[in-house]
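Next comes final17.cif, with mmCIF, C-alpha atoms and all ligand atoms.
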data_model
loop_
_atom_site.label_atom_id
_atom_site.label_comp_id
_atom_site.auth_asym_id
_atom_site.auth_seq_id
_atom_site.Cartn_x
_atom_site.Cartn_y
_atom_site.Cartn_z
CA MET A 1 -35.42 9.37 -42.62
CA ILE A 2 -36.15 6.05 -44.33
CA ASP A 3 -35.27 5.13 -47.91
CA HIS A 4 -38.30 5.88 -50.11
CA ARG A 5 -36.87 4.42 -53.31
CA PRO A 6 -38.31 0.87 -52.97
CA TRP A 7 -41.78 2.43 -52.65
CA LEU A 8 -41.64 4.73 -55.67
CA PRO A 9 -42.62 2.10 -58.29
CA LEU A 10 -45.79 1.34 -56.28
CA GLN A 11 -46.91 4.94 -56.54
CA GLY A 12 -47.61 4.57 -60.24
CA GLN A 13 -49.02 1.03 -60.08
CA MET A 14 -51.59 1.36 -57.31
CA SER A 15 -54.85 3.17 -56.85
CA SER A 16 -53.90 3.52 -53.17
CA ARG A 17 -52.55 6.86 -52.07
CA LEU A 18 -48.91 6.73 -50.96
CA ASP A 19 -47.24 9.73 -49.32
CA PHE A 20 -43.84 10.27 -47.71
CA GLU A 21 -42.89 12.13 -44.53
CA VAL A 22 -46.47 12.87 -43.56
CA LEU A 23 -46.97 14.80 -40.32
CA LEU A 24 -48.78 12.48 -37.93
CA ARG A 25 -50.00 15.33 -35.75
CA ASP A 26 -52.50 16.12 -38.50
CA PHE A 27 -54.09 12.68 -38.00
CA THR A 28 -54.53 12.59 -34.22
CA THR A 29 -56.81 14.30 -31.73
CA PHE A 30 -53.81 15.29 -29.54
CA ARG A 31 -52.31 16.98 -32.62
CA VAL A 32 -48.71 16.29 -31.61
CA GLY A 33 -46.03 14.05 -33.11
CA GLY A 34 -43.49 13.95 -35.94
CA ALA A 35 -43.69 12.46 -39.43
CA ALA A 36 -44.45 8.97 -40.72
CA GLY A 37 -41.84 7.68 -43.19
CA ILE A 38 -44.61 6.37 -45.46
CA MET A 39 -48.35 6.71 -45.22
CA ALA A 40 -50.54 4.52 -47.40
CA ARG A 41 -54.29 4.84 -47.79
CA PRO A 42 -55.25 1.55 -49.45
CA GLU A 43 -58.62 1.06 -51.08
CA LYS A 44 -58.11 -2.56 -52.16
CA SER A 45 -57.22 -5.67 -50.12
CA GLY A 46 -54.66 -6.80 -52.70
CA GLU A 47 -52.86 -3.46 -52.52
CA LEU A 48 -52.95 -3.52 -48.73
CA ARG A 49 -51.29 -6.95 -48.83
CA THR A 50 -48.59 -5.69 -51.25
CA LEU A 51 -47.84 -2.74 -48.94
CA VAL A 52 -47.60 -4.89 -45.80
CA ASN A 53 -45.41 -7.46 -47.59
CA LEU A 54 -43.02 -4.80 -48.89
CA ALA A 55 -42.67 -3.27 -45.41
CA ARG A 56 -41.93 -6.76 -44.07
CA GLU A 57 -39.30 -7.45 -46.75
CA LEU A 58 -37.64 -4.12 -45.93
CA GLY A 59 -37.80 -4.78 -42.19
CA LEU A 60 -39.95 -1.69 -41.57
CA PRO A 61 -42.50 -1.49 -38.76
CA VAL A 62 -46.18 -1.19 -39.70
CA LEU A 63 -48.82 0.73 -37.78
CA VAL A 64 -52.53 1.00 -38.53
CA LEU A 65 -54.08 4.37 -37.87
CA GLY A 66 -57.80 4.77 -37.28
CA GLY A 67 -59.17 8.11 -36.17
CA GLY A 68 -56.02 8.81 -34.10
CA SER A 69 -58.09 9.44 -30.95
CA ASN A 70 -56.15 7.07 -28.69
CA LEU A 71 -52.64 7.69 -29.97
CA LEU A 72 -49.63 9.70 -28.88
CA PHE A 73 -46.90 9.80 -31.52
CA SER A 74 -43.31 10.62 -30.59
CA ASP A 75 -41.88 13.99 -31.61
CA SER A 76 -39.46 12.14 -33.90
CA GLY A 77 -42.33 10.40 -35.69
CA PHE A 78 -42.63 6.82 -36.92
CA ALA A 79 -39.92 5.33 -39.14
CA GLY A 80 -42.11 2.85 -40.96
CA LEU A 81 -45.35 2.33 -42.86
CA VAL A 82 -48.54 3.86 -41.48
CA ILE A 83 -51.69 2.41 -42.98
CA LYS A 84 -54.89 4.40 -43.01
CA LEU A 85 -57.61 2.22 -44.51
CA GLY A 86 -59.60 3.95 -47.25
CA ARG A 87 -63.38 4.35 -47.46
CA SER A 88 -63.82 1.05 -49.32
CA PHE A 89 -63.05 -0.58 -45.94
CA ALA A 90 -65.92 1.32 -44.32
CA THR A 91 -68.92 -0.68 -45.54
CA ILE A 92 -71.78 -1.72 -43.24
CA GLU A 93 -73.90 -4.72 -44.20
CA ASN A 94 -76.99 -6.20 -42.57
CA LEU A 95 -76.68 -10.01 -42.58
CA GLY A 96 -80.05 -10.52 -40.89
CA GLY A 97 -80.91 -12.06 -37.53
CA GLY A 98 -79.08 -9.25 -35.70
CA ARG A 99 -75.75 -9.96 -37.34
CA ILE A 100 -73.97 -7.12 -39.13
CA LEU A 101 -70.67 -6.92 -41.01
CA VAL A 102 -68.72 -3.70 -40.54
CA GLY A 103 -65.50 -2.51 -42.18
CA ALA A 104 -62.75 -1.30 -39.86
CA ALA A 105 -62.58 2.16 -41.44
CA ALA A 106 -66.23 2.94 -40.67
CA ALA A 107 -66.54 5.78 -38.17
CA VAL A 108 -68.11 4.76 -34.87
CA LEU A 109 -70.52 7.67 -35.26
CA GLU A 110 -71.78 6.48 -38.66
CA LEU A 111 -72.15 2.91 -37.35
CA LEU A 112 -74.26 4.12 -34.41
CA ALA A 113 -76.48 6.17 -36.73
CA TRP A 114 -76.87 3.17 -39.08
CA ALA A 115 -77.77 0.78 -36.23
CA TRP A 116 -80.30 3.27 -34.83
CA GLU A 117 -81.92 3.56 -38.26
CA LYS A 118 -82.14 -0.27 -38.52
CA GLU A 119 -83.44 -0.56 -34.93
CA LEU A 120 -80.50 -2.71 -33.81
CA GLY A 121 -79.19 -2.19 -30.28
CA GLY A 122 -76.00 -3.15 -28.46
CA LEU A 123 -73.54 -0.60 -29.79
CA GLU A 124 -74.60 2.16 -27.42
CA CYS A 125 -71.52 1.41 -25.30
CA LEU A 126 -69.67 3.33 -28.02
CA ALA A 127 -71.82 6.48 -27.82
CA GLY A 128 -69.50 9.48 -27.99
CA VAL A 129 -66.32 7.41 -28.49
CA PRO A 130 -64.48 9.13 -31.35
CA GLY A 131 -62.64 7.24 -34.07
CA THR A 132 -63.18 4.16 -36.18
CA VAL A 133 -64.52 0.66 -35.70
CA GLY A 134 -60.98 -0.74 -36.18
CA GLY A 135 -59.67 1.45 -33.37
CA ALA A 136 -62.60 0.52 -31.12
CA LEU A 137 -61.93 -3.19 -31.70
CA ALA A 138 -58.16 -2.90 -31.17
CA GLY A 139 -58.78 -1.06 -27.89
CA ASN A 140 -61.94 -2.90 -26.77
CA SER A 141 -63.44 0.54 -26.40
CA GLY A 142 -66.56 1.39 -24.51
CA ILE A 143 -67.91 3.04 -21.44
CA GLY A 144 -66.79 1.52 -18.15
CA GLY A 145 -67.27 -2.25 -18.28
CA GLN A 146 -69.61 -2.07 -21.29
CA THR A 147 -67.22 -2.70 -24.15
CA VAL A 148 -67.46 -3.52 -27.82
CA GLY A 149 -65.65 -6.87 -27.46
CA ARG A 150 -68.76 -8.42 -25.89
CA ILE A 151 -70.76 -8.23 -29.13
CA VAL A 152 -68.11 -9.41 -31.62
CA ASN A 153 -68.82 -12.73 -33.39
CA ARG A 154 -65.90 -12.80 -35.80
CA LEU A 155 -62.94 -10.64 -36.64
CA PHE A 156 -61.47 -10.33 -40.13
CA ILE A 157 -57.78 -9.53 -40.20
CA LEU A 158 -54.76 -9.40 -42.43
CA GLY A 159 -52.06 -11.09 -40.36
CA GLU A 160 -48.51 -9.77 -40.14
CA ASP A 161 -47.59 -12.56 -42.60
CA GLY A 162 -49.83 -10.92 -45.22
CA GLU A 163 -52.49 -13.69 -44.95
CA ALA A 164 -56.18 -12.92 -44.49
CA LYS A 165 -57.69 -14.71 -41.48
CA VAL A 166 -61.03 -14.99 -39.73
CA LEU A 167 -60.90 -15.21 -35.94
CA LYS A 168 -63.91 -16.58 -34.06
CA GLU A 169 -65.22 -15.08 -30.85
CA THR A 170 -63.65 -17.96 -28.89
CA GLU A 171 -60.18 -17.10 -30.28
CA LEU A 172 -60.38 -13.43 -29.25
CA LYS A 173 -59.17 -12.13 -25.90
CA PHE A 174 -60.74 -8.75 -25.26
CA SER A 175 -59.61 -7.26 -21.98
CA SER A 176 -59.24 -3.85 -20.36
CA ARG A 177 -58.87 -1.50 -23.37
CA ARG A 178 -56.90 -4.11 -25.27
CA LEU A 179 -57.44 -6.96 -27.72
CA PHE A 180 -54.82 -9.58 -26.93
CA GLY A 181 -53.53 -12.27 -29.24
CA LEU A 182 -53.21 -10.06 -32.33
CA SER A 183 -49.77 -9.11 -33.59
CA PRO A 184 -49.27 -5.32 -33.35
CA GLU A 185 -48.69 -5.40 -37.12
CA ALA A 186 -51.97 -7.21 -37.94
CA VAL A 187 -54.58 -5.12 -39.75
CA ILE A 188 -58.17 -5.47 -38.60
CA LEU A 189 -60.27 -5.38 -41.76
CA GLY A 190 -63.66 -5.61 -40.12
CA ALA A 191 -65.89 -7.53 -37.76
CA GLU A 192 -69.20 -9.29 -37.51
CA PHE A 193 -71.26 -8.01 -34.60
CA ASN A 194 -74.21 -9.59 -32.90
CA LEU A 195 -76.90 -6.99 -32.20
CA LYS A 196 -80.42 -7.16 -30.76
CA PRO A 197 -83.64 -5.73 -32.18
CA ARG A 198 -84.44 -2.64 -30.11
CA PRO A 199 -86.89 0.25 -30.67
CA LYS A 200 -85.37 3.46 -32.03
CA ILE A 201 -86.65 5.44 -29.06
CA GLU A 202 -84.81 3.20 -26.60
CA ILE A 203 -81.52 3.33 -28.55
CA ARG A 204 -81.80 7.09 -28.84
CA SER A 205 -82.45 7.56 -25.13
CA ASN A 206 -79.40 5.36 -24.23
CA ILE A 207 -77.19 7.36 -26.59
CA THR A 208 -78.51 10.74 -25.42
CA GLU A 209 -77.95 9.81 -21.78
CA ALA A 210 -74.35 8.70 -22.50
CA LEU A 211 -73.61 11.86 -24.48
CA GLU A 212 -75.06 14.14 -21.81
CA ARG A 213 -72.95 12.46 -19.12
CA ARG A 214 -69.89 12.86 -21.33
CA HIS A 215 -70.60 16.57 -21.92
CA GLN A 216 -70.84 17.15 -18.18
CA THR A 217 -67.70 15.23 -17.21
CA GLN A 218 -65.19 15.50 -20.09
CA PRO A 219 -63.26 18.37 -21.72
CA LEU A 220 -64.68 17.65 -25.16
CA GLY A 221 -63.69 20.80 -27.04
CA GLU A 222 -59.97 20.40 -26.31
CA ARG A 223 -57.05 18.47 -27.77
CA SER A 224 -56.83 15.16 -25.90
CA ALA A 225 -56.84 11.42 -26.48
CA GLY A 226 -59.46 10.59 -23.87
CA CYS A 227 -58.44 8.97 -20.59
CA VAL A 228 -54.67 8.78 -20.34
CA PHE A 229 -54.50 6.00 -17.71
CA LYS A 230 -56.54 2.84 -17.22
CA ASN A 231 -58.73 2.65 -14.14
CA PRO A 232 -57.13 0.38 -11.52
CA PRO A 233 -59.57 -2.47 -10.69
CA GLY A 234 -62.61 -1.09 -8.86
CA GLN A 235 -61.20 2.46 -8.77
CA SER A 236 -61.27 5.62 -10.84
CA ALA A 237 -57.89 6.84 -12.12
CA GLY A 238 -59.36 10.34 -12.52
CA ARG A 239 -60.41 10.53 -8.87
CA ILE A 240 -57.02 9.23 -7.69
CA ILE A 241 -55.12 11.77 -9.84
CA GLU A 242 -57.37 14.55 -8.54
CA GLU A 243 -56.77 13.46 -4.93
CA CYS A 244 -53.03 13.70 -5.59
CA GLY A 245 -53.53 17.38 -6.46
CA PHE A 246 -52.83 17.21 -10.19
CA LYS A 247 -56.03 18.84 -11.51
CA GLY A 248 -54.95 21.84 -13.61
CA TYR A 249 -51.24 20.95 -13.25
CA VAL A 250 -49.14 22.18 -16.18
CA TYR A 251 -45.91 20.88 -17.66
CA GLY A 252 -44.71 22.71 -20.79
CA GLY A 253 -47.57 22.59 -23.29
CA ALA A 254 -49.41 19.79 -21.45
CA ARG A 255 -52.05 20.37 -18.80
CA VAL A 256 -54.18 18.10 -16.62
CA SER A 257 -57.80 18.96 -17.36
CA GLU A 258 -59.69 20.84 -14.66
CA ILE A 259 -62.85 18.99 -15.72
CA HIS A 260 -61.52 15.40 -15.66
CA ALA A 261 -58.13 14.71 -14.09
CA ASN A 262 -57.52 11.62 -16.26
CA PHE A 263 -57.50 13.79 -19.39
CA ILE A 264 -54.31 15.55 -20.47
CA ILE A 265 -54.87 18.55 -22.71
CA ALA A 266 -52.33 19.48 -25.36
CA ARG A 267 -52.10 23.26 -25.46
CA ALA A 268 -50.63 25.28 -28.34
CA GLY A 269 -46.99 24.25 -28.83
CA ALA A 270 -47.33 21.03 -26.80
CA THR A 271 -44.91 18.22 -27.63
CA CYS A 272 -45.11 14.51 -27.07
CA ALA A 273 -42.25 14.87 -24.56
CA ASP A 274 -44.34 17.39 -22.53
CA ILE A 275 -47.25 14.96 -22.34
CA LEU A 276 -45.03 12.00 -21.42
CA THR A 277 -43.25 14.00 -18.71
CA LEU A 278 -46.57 15.06 -17.24
CA MET A 279 -47.75 11.43 -17.33
CA GLU A 280 -44.58 10.37 -15.52
CA LEU A 281 -45.04 13.07 -12.85
CA ILE A 282 -48.60 11.85 -12.27
CA ARG A 283 -47.50 8.22 -12.09
CA ARG A 284 -44.82 9.06 -9.53
CA GLY A 285 -47.20 11.21 -7.47
CA VAL A 286 -49.85 8.48 -7.43
CA SER A 287 -47.30 5.77 -6.65
CA GLU A 288 -45.89 7.76 -3.72
CA LYS A 289 -49.30 8.55 -2.22
CA TYR A 290 -51.18 5.30 -2.90
CA GLY A 291 -48.52 2.74 -3.87
CA LEU A 292 -50.39 2.26 -7.16
CA LEU A 293 -48.70 2.16 -10.56
CA LEU A 294 -51.05 3.63 -13.17
CA GLU A 295 -50.93 1.98 -16.58
CA PRO A 296 -51.31 4.09 -19.74
CA GLU A 297 -54.60 3.66 -21.59
CA ILE A 298 -53.42 5.70 -24.57
CA ARG A 299 -51.09 4.04 -27.07
CA ILE A 300 -47.67 5.66 -27.11
CA ILE A 301 -45.91 5.17 -30.42
CA GLY A 302 -42.14 5.60 -30.76
CA PRO A 303 -40.14 5.58 -34.01
CA THR A 304 -40.38 1.77 -34.30
CA GLY A 305 -43.74 1.01 -32.68
CA GLU A 306 -45.67 1.00 -29.44
CA VAL A 307 -43.62 1.66 -26.32
CA GLY A 308 -44.32 2.05 -22.62
CA HIS A 309 -44.66 5.46 -21.04
CA GLU A 310 -40.92 5.95 -20.50
CA MET A 311 -40.03 7.68 -23.77
CA ALA A 312 -39.62 11.27 -22.60
C1 LIG B 401 -62.70 13.06 -26.12
C2 LIG B 401 -62.39 11.58 -26.13
C3 LIG B 401 -63.19 10.71 -25.42
C4 LIG B 401 -62.91 9.34 -25.42
N1 LIG B 401 -63.74 8.50 -24.73
C5 LIG B 401 -63.50 7.17 -24.75
C6 LIG B 401 -64.38 6.26 -24.06
O1 LIG B 401 -65.37 6.64 -23.45
N2 LIG B 401 -64.10 4.95 -24.12
C7 LIG B 401 -63.01 4.47 -24.80
O2 LIG B 401 -62.81 3.25 -24.82
N3 LIG B 401 -62.17 5.29 -25.44
C8 LIG B 401 -62.39 6.63 -25.44
N4 LIG B 401 -61.53 7.48 -26.11
C9 LIG B 401 -60.32 6.94 -26.75
C10 LIG B 401 -60.50 6.58 -28.24
O3 LIG B 401 -61.47 7.39 -28.84
C11 LIG B 401 -60.89 5.11 -28.42
O4 LIG B 401 -59.89 4.28 -27.93
C12 LIG B 401 -61.16 4.79 -29.90
O5 LIG B 401 -61.85 3.57 -30.01
C13 LIG B 401 -59.90 4.77 -30.76
O6 LIG B 401 -60.29 4.65 -32.11
P1 LIG B 401 -59.41 5.28 -33.27
O7 LIG B 401 -60.00 4.85 -34.56
O8 LIG B 401 -59.25 6.73 -33.07
O9 LIG B 401 -58.03 4.50 -33.05
P2 LIG B 401 -56.56 5.09 -33.15
O10 LIG B 401 -56.33 6.07 -32.06
O11 LIG B 401 -56.27 5.52 -34.53
O12 LIG B 401 -55.73 3.77 -32.84
C14 LIG B 401 -55.78 3.18 -31.55
C15 LIG B 401 -55.10 1.81 -31.62
O13 LIG B 401 -55.87 0.96 -32.47
C16 LIG B 401 -55.05 0.45 -33.52
N5 LIG B 401 -55.89 0.35 -34.72
C17 LIG B 401 -56.73 1.25 -35.24
N6 LIG B 401 -57.33 0.77 -36.34
C18 LIG B 401 -56.84 -0.48 -36.51
C19 LIG B 401 -57.05 -1.51 -37.48
N7 LIG B 401 -57.92 -1.36 -38.50
N8 LIG B 401 -56.33 -2.66 -37.37
C20 LIG B 401 -55.45 -2.85 -36.35
N9 LIG B 401 -55.22 -1.92 -35.39
C21 LIG B 401 -55.92 -0.76 -35.48
C22 LIG B 401 -53.94 1.47 -33.69
O14 LIG B 401 -52.78 0.90 -34.30
C23 LIG B 401 -53.70 1.88 -32.24
O15 LIG B 401 -52.88 0.95 -31.60
C24 LIG B 401 -61.79 8.85 -26.13
C25 LIG B 401 -60.98 9.74 -26.85
C26 LIG B 401 -61.28 11.09 -26.86
C27 LIG B 401 -60.40 12.03 -27.66
#

Let me see the file written as structure tokens.
Amino acid sequence: MIDHRPWLPLQGQMSSRLDFEVLLRDFTTFRVGGAAGIMARPEKSGELRTLVNLARELGLPVLVLGGGSNLLFSDSGFAGLVIKLGRSFATIENLGGGRILVGAAAAVLELLAWAWEKELGGLECLAGVPGTVGGALAGNSGIGGQTVGRIVNRLFILGEDGEAKVLKETELKFSSRRLFGLSPEAVILGAEFNLKPRPKIEIRSNITEALERRHQTQPLGERSAGCVFKNPPGQSAGRIIEECGFKGYVYGGARVSEIHANFIIARAGATCADILTLMELIRRGVSEKYGLLLEPEIRIIGPTGEVGHEMA
């Protein structure tokens, strides 16, 4: 457990909500994981900066949490500061000429609805992706090769040094489900996107098609974090895992989905260790049969930050 005393004076001074030993499982779609030492829900940039600076002074790790739909927290939790941006970081502004400014805490779903209403297309690659705009940017989310990174003009961040910065498109390295070049402790505050005028009917039909495909191929009503492994170049991780006989395979409270073999379902009582062990069994099986080493797509967070898959 971390020392809460340095944080107590902030509780009275700030409008931001500050809680201690908060169960992270309540903030993720997997619904597993231990407690965060401190969870802050800032509503003001100045307060966010104060929180990040104090964590830095105390040598504590910082993690930004969006909708928790791509995260697996360790059973022993996170011994640092978890930041969950408040609703004042969820604004959406039309700048004209197809450019829009979106706060990182905006839900992807609300952004899609807003863009449809304004007849602006280009975000349909996020149809059905749960979570927030910040999470989508950090993970270059999308469907297949159609990812959100392609339509970003500028990114607004609070660097790990507590300084606000604007990064231009040319300074950003979006790659397979990752945004490189950002410190893991940087907070994405928002982004400017470049959209195209498009009739409502066309946007709606693209979204409907994507959602229907998702309903047919993914276990949407269950506790998961989406695809567990990245697709190897030109191949489908789900198909490979299925060919290795893992569909429906169970380890403890974790099960490989019968609908999509790249989804792991957390059943009642599942732990992070169950999910990691199942991931390791799949990796070994795939490596033995195909000589391929699958890379995790989900972010695995240990007590001091993101780790590889080898935590179990
Ligand atoms: C049923 C289901 C289907 C899915 N389908 C897809 C899909 O088709 N395509 C796809 O790409 N993903 C998919 N996902 C995975 C996930 O929804 C996406 O990766 C999503 O964009 C994550 O957003 P989030 O807000 O939940 O991020 P979180 O899970 O909260 O965080 C993910 C990462 O982003 C970082 N992060 C979040 N916000 C910020 C911020 N403001 N500043 C800095 N870092 C930040 C976190 O620290 C973490 O490292 C699916 C998940 C589920 C459960």

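Across A:Asn70, A:Ser236, A:Thr304, A:Thr271, the tightest approach to ligand LIG 401 (chain B) is made by A:Asn70 when counting all atoms listed in the file.
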
Taking only residues of chain A that have an atom at most 6 Å from an atom of ligand LIG 401 (chain B), what is each one's shortest atom pair and its distance in Å to one decimal, using all atoms listed in the file, in chain and number order, as CSV?
residue,atom,partner,partner_atom,distance
A:Thr29,CA,B:LIG401,C27,5.9
A:Leu63,CA,B:LIG401,O14,5.3
A:Val64,CA,B:LIG401,O14,4.2
A:Leu65,CA,B:LIG401,O11,4.2
A:Gly66,CA,B:LIG401,O11,3.2
A:Gly67,CA,B:LIG401,O8,3.4
A:Gly68,CA,B:LIG401,O11,3.3
A:Ser69,CA,B:LIG401,O8,3.6
A:Asn70,CA,B:LIG401,O10,3.5
A:Leu71,CA,B:LIG401,O10,4.5
A:Ala104,CA,B:LIG401,N7,5.0
A:Val129,CA,B:LIG401,N1,4.7
A:Pro130,CA,B:LIG401,O3,4.3
A:Gly131,CA,B:LIG401,O8,3.6
A:Thr132,CA,B:LIG401,O7,3.6
A:Gly134,CA,B:LIG401,N7,3.9
A:Gly135,CA,B:LIG401,O9,3.5
A:Ala136,CA,B:LIG401,O5,3.3
A:Ala138,CA,B:LIG401,O13,4.7
A:Gly139,CA,B:LIG401,O4,5.5
A:Ser141,CA,B:LIG401,O2,3.2
A:Gly142,CA,B:LIG401,O2,4.2
A:Ile143,CA,B:LIG401,O1,4.8
A:Ala186,CA,B:LIG401,C20,5.8
A:Val187,CA,B:LIG401,N8,3.8
A:Ile188,CA,B:LIG401,N8,3.6
A:Leu189,CA,B:LIG401,N7,5.7
A:Leu220,CA,B:LIG401,C1,5.1
A:Ser224,CA,B:LIG401,C27,5.1
A:Ala225,CA,B:LIG401,C27,3.8
A:Gly226,CA,B:LIG401,C25,3.5
A:Arg299,CA,B:LIG401,O15,5.8

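From atom CA of Glu192 of chain A back to atom CA of Ile100 of chain A, the distance works out to 5.5 Å.
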
- Message: One number please: atom CA of Leu85 of chain A to atom CA of Val307 of chain A, in Å, one decimal.
- Response: 23.0 Å

What box, with edges along x, y and z, holds each listed atom of segment 57-74 of chain A when 4 Å is added on every side, and can you state its centre and edge lengths in Å to one decimal, as lines of an AutoDock Vina configuration file?
center_x = -48.4
center_y = 1.6
center_z = -37.7
size_x = 29.5
size_y = 26.1
size_z = 26.1

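Atom pair atom CA of Arg41 of chain A / atom CA of Leu111 of chain A has a distance of 20.8 Å (rounded to one decimal).
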
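Distance check against Asn53 of chain A using all atoms listed in the file: of A:Gly103, A:Leu24, A:Gly159, A:Leu120, the minimum falls on A:Gly159.
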